[in-house]
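> Please find one structure pasted underneath; my questions will follow.
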Amino acid sequence: MSATQDASAQIPVTVLTGYLGAGKTTLLNRILTENHGQRYAVIVNEFGEVGIDNDLLVESDEEIFEMNNGCICCTVRGDLIRTVQNLMKRKNAFDAIIVETTGIADPAPVAQTFFMDDDVRAAARLDAVVAVVDARHVLQRLEDTEEAEDQVAFADVILINKTDLVSSEELANVEARIQSINPYAVLHRSERCGVEIAKVLDRGAFDLDRILSLDPHFLAHGHHSDECGPNCDHDHHSDECGSNCDHDHQHHHGHDHAHGRHHHGDTHSVKSISLKAGDLNPDMFFPWINQVTQVQGPNILRMKGILAFKDDPQRYVIQGVHMIVEGDHQRDWKESEPRESRLVFIGRDLNWDVLRDSFAACAAQ
Ligand SMILES: Nc1nc2c(ncn2[C@@H]2O[C@H](COP(=O)(O)OP(=O)(O)OP(=O)(O)O)[C@@H](O)[C@H]2O)c(=O)[nH]1
């Protein structure tokens, strides 16, 4: 830090990471509802283009900035810099900033943003990278997904969440595995992210030296614009598609930048599909979603939706990770809101045509 940068004048930034469905929104909702006397600006980025995450956040006085620009590792850095710069113009309006990354993002480029841009660096300091992991699914994720390992390796604080879904033996295995990847992070166990907020925010935990030992190029990465390098094969779809687009969007992990930890070597492709309908018939929808998640569950990394059921005045929120699905009423539909059902699946090798047609068959007559 230079002499001109006074840490107490810099707004602390927490980068919230964790694989799809681990519990990031659950943690954010806790932060937004708890009575802590702090004012947070929240920046969310999500994969899947119908903007459901914002709807799943509790209504609060905090300001939420949504960025749906697809892969955060390529396209969002420029946006993130601009968003933070705009926030800084209203500096006294916030005590802290939280950036929630999409579940499949590598947190490193997001963290880099707070070192690369001079204006941002002068006004904000990276406080900690907090990773939420799903105790039930993390071991499997670490086997098949490099981003999940990057997220754990990079974190300063790790919440081992969903402890209710595993035995104490499984939990001990999870902790051992996580510690073997990252012995430096502070671990907390949690159910529904029920951890004291002070253990997560304003930790002063981000350790640049450790990150440089992990990634000597951390401060030297060249691409701090919205552009990817010539070898990038990410689909930069959101430039082309509007909010009503229901194309299949692919996130190829064939990306191989020749530097540092930014190396998505695995060749799996994760796709997201957004389905839309009007009112649904619950007697058709629930058997359908049960069947879909039972049969295709292993490939469904994440499912979430906001649904309108015929004659039901309330919005219904449904969510799932693999075969675990939960749903509940959220609140009344507002008069100004179109009664629209939106459902997003993120996964591998899903039969999209069948999903689309069978979802359409759940429409209320
Ligand atoms: N059983 C159980 N379910 C949990 C727990 N924490 C969160 N969930 C559920 O897990 C699902 C995913 O939680 P979210 O907080 O939306 O996860 P996320 O990381 O924000 O998900 P993405 O934004 O899609 O990556 C939701 O259905 C939550 O209600 C927990 O400790 N135990």
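In the structure tokens, chains take letters A, B, ... by order of appearance, with residues numbered from 1 within each chain and ligands from 1 in the order shown.
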Would you name the residues within 6 Å of ligand 1, counting only C-alpha atoms and all ligand atoms, and put them as number ranges by chain?
A: 19-26, 102-103, 161-165, 191-193, 319-320, 326
> May I have the residues from that selection written out with N, CA and C atoms, as a PDB file, in the first residue's frame?

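out.pdb written:
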ATOM      1  N   TYR A  19     -19.370 -22.711  -4.976  1.00  0.00           N
ATOM      2  CA  TYR A  19     -19.928 -23.331  -6.173  1.00  0.00           C
ATOM      3  C   TYR A  19     -21.454 -23.178  -6.209  1.00  0.00           C
ATOM      4  N   LEU A  20     -22.015 -23.458  -7.379  1.00  0.00           N
ATOM      5  CA  LEU A  20     -23.463 -23.333  -7.572  1.00  0.00           C
ATOM      6  C   LEU A  20     -24.232 -23.997  -6.439  1.00  0.00           C
ATOM      7  N   GLY A  21     -25.118 -23.253  -5.812  1.00  0.00           N
ATOM      8  CA  GLY A  21     -26.006 -23.837  -4.816  1.00  0.00           C
ATOM      9  C   GLY A  21     -25.400 -24.058  -3.454  1.00  0.00           C
ATOM     10  N   ALA A  22     -24.202 -23.579  -3.206  1.00  0.00           N
ATOM     11  CA  ALA A  22     -23.537 -23.850  -1.923  1.00  0.00           C
ATOM     12  C   ALA A  22     -24.196 -23.092  -0.764  1.00  0.00           C
ATOM     13  N   GLY A  23     -24.732 -21.897  -1.063  1.00  0.00           N
ATOM     14  CA  GLY A  23     -25.385 -21.138   0.007  1.00  0.00           C
ATOM     15  C   GLY A  23     -25.003 -19.662   0.036  1.00  0.00           C
ATOM     16  N   LYS A  24     -24.475 -19.132  -1.063  1.00  0.00           N
ATOM     17  CA  LYS A  24     -24.045 -17.731  -1.079  1.00  0.00           C
ATOM     18  C   LYS A  24     -25.222 -16.775  -0.846  1.00  0.00           C
ATOM     19  N   THR A  25     -26.339 -17.034  -1.543  1.00  0.00           N
ATOM     20  CA  THR A  25     -27.495 -16.145  -1.377  1.00  0.00           C
ATOM     21  C   THR A  25     -28.058 -16.263   0.038  1.00  0.00           C
ATOM     22  N   THR A  26     -28.013 -17.466   0.574  1.00  0.00           N
ATOM     23  CA  THR A  26     -28.482 -17.671   1.954  1.00  0.00           C
ATOM     24  C   THR A  26     -27.639 -16.819   2.906  1.00  0.00           C
ATOM     25  N   THR A 102     -20.745 -15.448  -9.469  1.00  0.00           N
ATOM     26  CA  THR A 102     -21.504 -16.613  -9.921  1.00  0.00           C
ATOM     27  C   THR A 102     -20.812 -17.889  -9.455  1.00  0.00           C
ATOM     28  N   GLY A 103     -21.625 -18.925  -9.271  1.00  0.00           N
ATOM     29  CA  GLY A 103     -21.111 -20.168  -8.706  1.00  0.00           C
ATOM     30  C   GLY A 103     -20.010 -20.842  -9.499  1.00  0.00           C
ATOM     31  N   ASN A 161     -20.934 -25.338   4.796  1.00  0.00           N
ATOM     32  CA  ASN A 161     -22.368 -25.177   5.006  1.00  0.00           C
ATOM     33  C   ASN A 161     -23.107 -26.493   4.747  1.00  0.00           C
ATOM     34  N   LYS A 162     -24.364 -26.512   5.107  1.00  0.00           N
ATOM     35  CA  LYS A 162     -25.245 -27.684   4.928  1.00  0.00           C
ATOM     36  C   LYS A 162     -24.766 -28.847   5.791  1.00  0.00           C
ATOM     37  N   THR A 163     -24.322 -28.536   6.983  1.00  0.00           N
ATOM     38  CA  THR A 163     -23.852 -29.595   7.880  1.00  0.00           C
ATOM     39  C   THR A 163     -24.996 -30.535   8.252  1.00  0.00           C
ATOM     40  N   ASP A 164     -26.246 -30.071   8.092  1.00  0.00           N
ATOM     41  CA  ASP A 164     -27.393 -30.942   8.404  1.00  0.00           C
ATOM     42  C   ASP A 164     -27.521 -32.089   7.408  1.00  0.00           C
ATOM     43  N   LEU A 165     -26.868 -31.994   6.267  1.00  0.00           N
ATOM     44  CA  LEU A 165     -27.049 -33.021   5.234  1.00  0.00           C
ATOM     45  C   LEU A 165     -25.948 -34.081   5.241  1.00  0.00           C
ATOM     46  N   GLU A 191     -25.061 -24.325   9.349  1.00  0.00           N
ATOM     47  CA  GLU A 191     -26.297 -24.810   8.764  1.00  0.00           C
ATOM     48  C   GLU A 191     -27.048 -23.564   8.337  1.00  0.00           C
ATOM     49  N   ARG A 192     -27.494 -23.538   7.095  1.00  0.00           N
ATOM     50  CA  ARG A 192     -28.152 -22.343   6.524  1.00  0.00           C
ATOM     51  C   ARG A 192     -27.308 -21.089   6.766  1.00  0.00           C
ATOM     52  N   CYS A 193     -26.003 -21.242   6.678  1.00  0.00           N
ATOM     53  CA  CYS A 193     -25.050 -20.119   6.831  1.00  0.00           C
ATOM     54  C   CYS A 193     -25.217 -19.377   8.148  1.00  0.00           C
ATOM     55  N   GLN A 319     -36.069 -24.395  -5.609  1.00  0.00           N
ATOM     56  CA  GLN A 319     -34.611 -24.434  -5.771  1.00  0.00           C
ATOM     57  C   GLN A 319     -34.110 -25.853  -5.635  1.00  0.00           C
ATOM     58  N   GLY A 320     -33.030 -26.159  -6.293  1.00  0.00           N
ATOM     59  CA  GLY A 320     -32.455 -27.484  -6.115  1.00  0.00           C
ATOM     60  C   GLY A 320     -30.975 -27.525  -6.422  1.00  0.00           C
ATOM     61  N   GLU A 326     -36.085 -27.929  -2.807  1.00  0.00           N
ATOM     62  CA  GLU A 326     -37.007 -27.365  -1.827  1.00  0.00           C
ATOM     63  C   GLU A 326     -37.760 -26.210  -2.433  1.00  0.00           C
TER      64      GLU A 326
END
> With only C-alpha atoms as the counted atoms, please give the residues lying no more than 8 Å from Phe345 of chain A, apart from itself and same-chain residues fewer than 5 positions off, as a ChimeraX atom specification.
/A:272-274,300-304
> Write the residues of the selection above to a file with C-alpha atoms, as a PDB file, in the first residue's frame.

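Writing the result to part-v3.pdb gives the following:
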ATOM      1  CA  SER A 272     -27.851 -23.014 -18.559  1.00  0.00           C
ATOM      2  CA  ILE A 273     -31.340 -22.993 -19.925  1.00  0.00           C
ATOM      3  CA  SER A 274     -34.113 -20.628 -18.969  1.00  0.00           C
ATOM      4  CA  ILE A 300     -28.318 -30.852 -12.476  1.00  0.00           C
ATOM      5  CA  LEU A 301     -25.789 -28.631 -10.765  1.00  0.00           C
ATOM      6  CA  ARG A 302     -28.443 -26.064  -9.970  1.00  0.00           C
ATOM      7  CA  MET A 303     -32.106 -25.427 -10.549  1.00  0.00           C
ATOM      8  CA  LYS A 304     -34.071 -22.398  -9.415  1.00  0.00           C
TER       9      LYS A 304
END
> Write out as a ChimeraX atom specification which residues come within 10 Å of Val157 of chain A when counting only C-alpha atoms, dropping same-chain ones fewer than 6 positions away.
/A:16,128-132,184-188,199-201,203,205-206
> Give me a file of those residues, with C-alpha atoms, as a PDB file, in the first residue's frame.

ATOM      1  CA  LEU A  16     -18.295 -14.053  -1.781  1.00  0.00           C
ATOM      2  CA  ALA A 128     -11.488 -11.194   2.452  1.00  0.00           C
ATOM      3  CA  VAL A 129     -12.533 -13.817  -0.035  1.00  0.00           C
ATOM      4  CA  VAL A 130     -15.225 -15.865   1.654  1.00  0.00           C
ATOM      5  CA  ALA A 131     -16.118 -19.242   0.172  1.00  0.00           C
ATOM      6  CA  VAL A 132     -19.270 -21.145   1.018  1.00  0.00           C
ATOM      7  CA  TYR A 184      -4.560 -21.131   5.680  1.00  0.00           C
ATOM      8  CA  ALA A 185      -8.256 -20.394   5.562  1.00  0.00           C
ATOM      9  CA  VAL A 186     -10.305 -20.081   8.714  1.00  0.00           C
ATOM     10  CA  LEU A 187     -13.049 -22.725   8.621  1.00  0.00           C
ATOM     11  CA  HIS A 188     -16.503 -22.403  10.132  1.00  0.00           C
ATOM     12  CA  LYS A 199     -16.714 -14.056  11.518  1.00  0.00           C
ATOM     13  CA  VAL A 200     -17.251 -13.370   7.848  1.00  0.00           C
ATOM     14  CA  LEU A 201     -17.155  -9.623   7.272  1.00  0.00           C
ATOM     15  CA  ARG A 203     -11.895  -9.706   8.759  1.00  0.00           C
ATOM     16  CA  ALA A 205      -7.984 -11.425   6.121  1.00  0.00           C
ATOM     17  CA  PHE A 206      -6.965 -11.120   2.488  1.00  0.00           C
TER      18      PHE A 206
END
> Using the chain letters and numbers from this document, which residues of segment 88-201 of chain A does DSSP assign to helix (DSSP H, G or I), as a VMD selection string?
chain A and resid 88 to 89 91 to 93 107 to 116 118 to 123 138 to 144 146 to 154 163 to 165 168 to 181 197 to 199
> In segment 126-238 of chain A, what's strand (DSSP E) per DSSP? Answer as a list of chain:residue names?
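Of segment 126-238 of chain A, the ones in strand (DSSP E) are A:Leu126, A:Asp127, A:Ala128, A:Val129, A:Val130, A:Ala131, A:Val132, A:Val133, A:Asp134, A:Val157, A:Ile158, A:Leu159, A:Ile160, A:Asn161, A:Val186, A:Leu187, A:His188, A:Arg189.
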> Write the residues you've just listed into a file as an mmCIF file, in the first residue's frame, and include N, CA and C atoms for each of them.

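Output contents, as saved in selection_2.cif:
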data_model
loop_
_atom_site.group_PDB
_atom_site.id
_atom_site.type_symbol
_atom_site.label_atom_id
_atom_site.label_comp_id
_atom_site.auth_asym_id
_atom_site.auth_seq_id
_atom_site.Cartn_x
_atom_site.Cartn_y
_atom_site.Cartn_z
ATOM 1 N N LEU A 126 -9.596 -4.994 -0.561
ATOM 2 C CA LEU A 126 -10.149 -6.338 -0.489
ATOM 3 C C LEU A 126 -9.993 -6.843 0.939
ATOM 4 N N ASP A 127 -11.106 -7.080 1.597
ATOM 5 C CA ASP A 127 -11.059 -7.476 3.005
ATOM 6 C C ASP A 127 -10.858 -8.979 3.135
ATOM 7 N N ALA A 128 -11.635 -9.738 2.394
ATOM 8 C CA ALA A 128 -11.488 -11.194 2.452
ATOM 9 C C ALA A 128 -12.251 -11.822 1.292
ATOM 10 N N VAL A 129 -11.765 -12.982 0.883
ATOM 11 C CA VAL A 129 -12.533 -13.817 -0.035
ATOM 12 C C VAL A 129 -13.184 -14.890 0.828
ATOM 13 N N VAL A 130 -14.493 -14.917 0.814
ATOM 14 C CA VAL A 130 -15.225 -15.865 1.654
ATOM 15 C C VAL A 130 -15.844 -16.917 0.740
ATOM 16 N N ALA A 131 -15.542 -18.175 0.990
ATOM 17 C CA ALA A 131 -16.118 -19.242 0.172
ATOM 18 C C ALA A 131 -17.133 -20.023 0.996
ATOM 19 N N VAL A 132 -18.279 -20.273 0.390
ATOM 20 C CA VAL A 132 -19.270 -21.145 1.018
ATOM 21 C C VAL A 132 -19.184 -22.485 0.298
ATOM 22 N N VAL A 133 -19.077 -23.577 1.034
ATOM 23 C CA VAL A 133 -19.084 -24.883 0.369
ATOM 24 C C VAL A 133 -20.243 -25.723 0.889
ATOM 25 N N ASP A 134 -20.749 -26.545 0.001
ATOM 26 C CA ASP A 134 -21.880 -27.428 0.297
ATOM 27 C C ASP A 134 -21.281 -28.744 0.807
ATOM 28 N N VAL A 157 -11.670 -17.194 4.232
ATOM 29 C CA VAL A 157 -12.629 -17.733 5.202
ATOM 30 C C VAL A 157 -13.495 -18.739 4.443
ATOM 31 N N ILE A 158 -13.693 -19.920 5.010
ATOM 32 C CA ILE A 158 -14.524 -20.926 4.333
ATOM 33 C C ILE A 158 -15.643 -21.366 5.271
ATOM 34 N N LEU A 159 -16.842 -21.254 4.769
ATOM 35 C CA LEU A 159 -18.003 -21.726 5.510
ATOM 36 C C LEU A 159 -18.348 -23.111 4.999
ATOM 37 N N ILE A 160 -18.221 -24.102 5.845
ATOM 38 C CA ILE A 160 -18.645 -25.444 5.442
ATOM 39 C C ILE A 160 -20.115 -25.544 5.818
ATOM 40 N N ASN A 161 -20.934 -25.338 4.796
ATOM 41 C CA ASN A 161 -22.368 -25.177 5.006
ATOM 42 C C ASN A 161 -23.107 -26.493 4.747
ATOM 43 N N VAL A 186 -9.585 -19.817 7.464
ATOM 44 C CA VAL A 186 -10.305 -20.081 8.714
ATOM 45 C C VAL A 186 -11.599 -20.799 8.343
ATOM 46 N N LEU A 187 -11.844 -21.952 8.960
ATOM 47 C CA LEU A 187 -13.049 -22.725 8.621
ATOM 48 C C LEU A 187 -14.132 -22.519 9.680
ATOM 49 N N HIS A 188 -15.365 -22.409 9.217
ATOM 50 C CA HIS A 188 -16.503 -22.403 10.132
ATOM 51 C C HIS A 188 -17.522 -23.398 9.598
ATOM 52 N N ARG A 189 -18.151 -24.145 10.503
ATOM 53 C CA ARG A 189 -19.238 -25.023 10.075
ATOM 54 C C ARG A 189 -20.543 -24.251 10.173
#
> Quick check, in Å to one decimal: how far apart do atom CA of Met116 of chain A and atom CA of Val99 of chain A lie?
16.3 Å
> When you draw a straight line from atom CA of Ala93 of chain A to atom CA of Ala123 of chain A, how long is it in Å?
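Atom-to-atom, atom CA of Ala93 of chain A and atom CA of Ala123 of chain A are spaced 13.3 Å apart.
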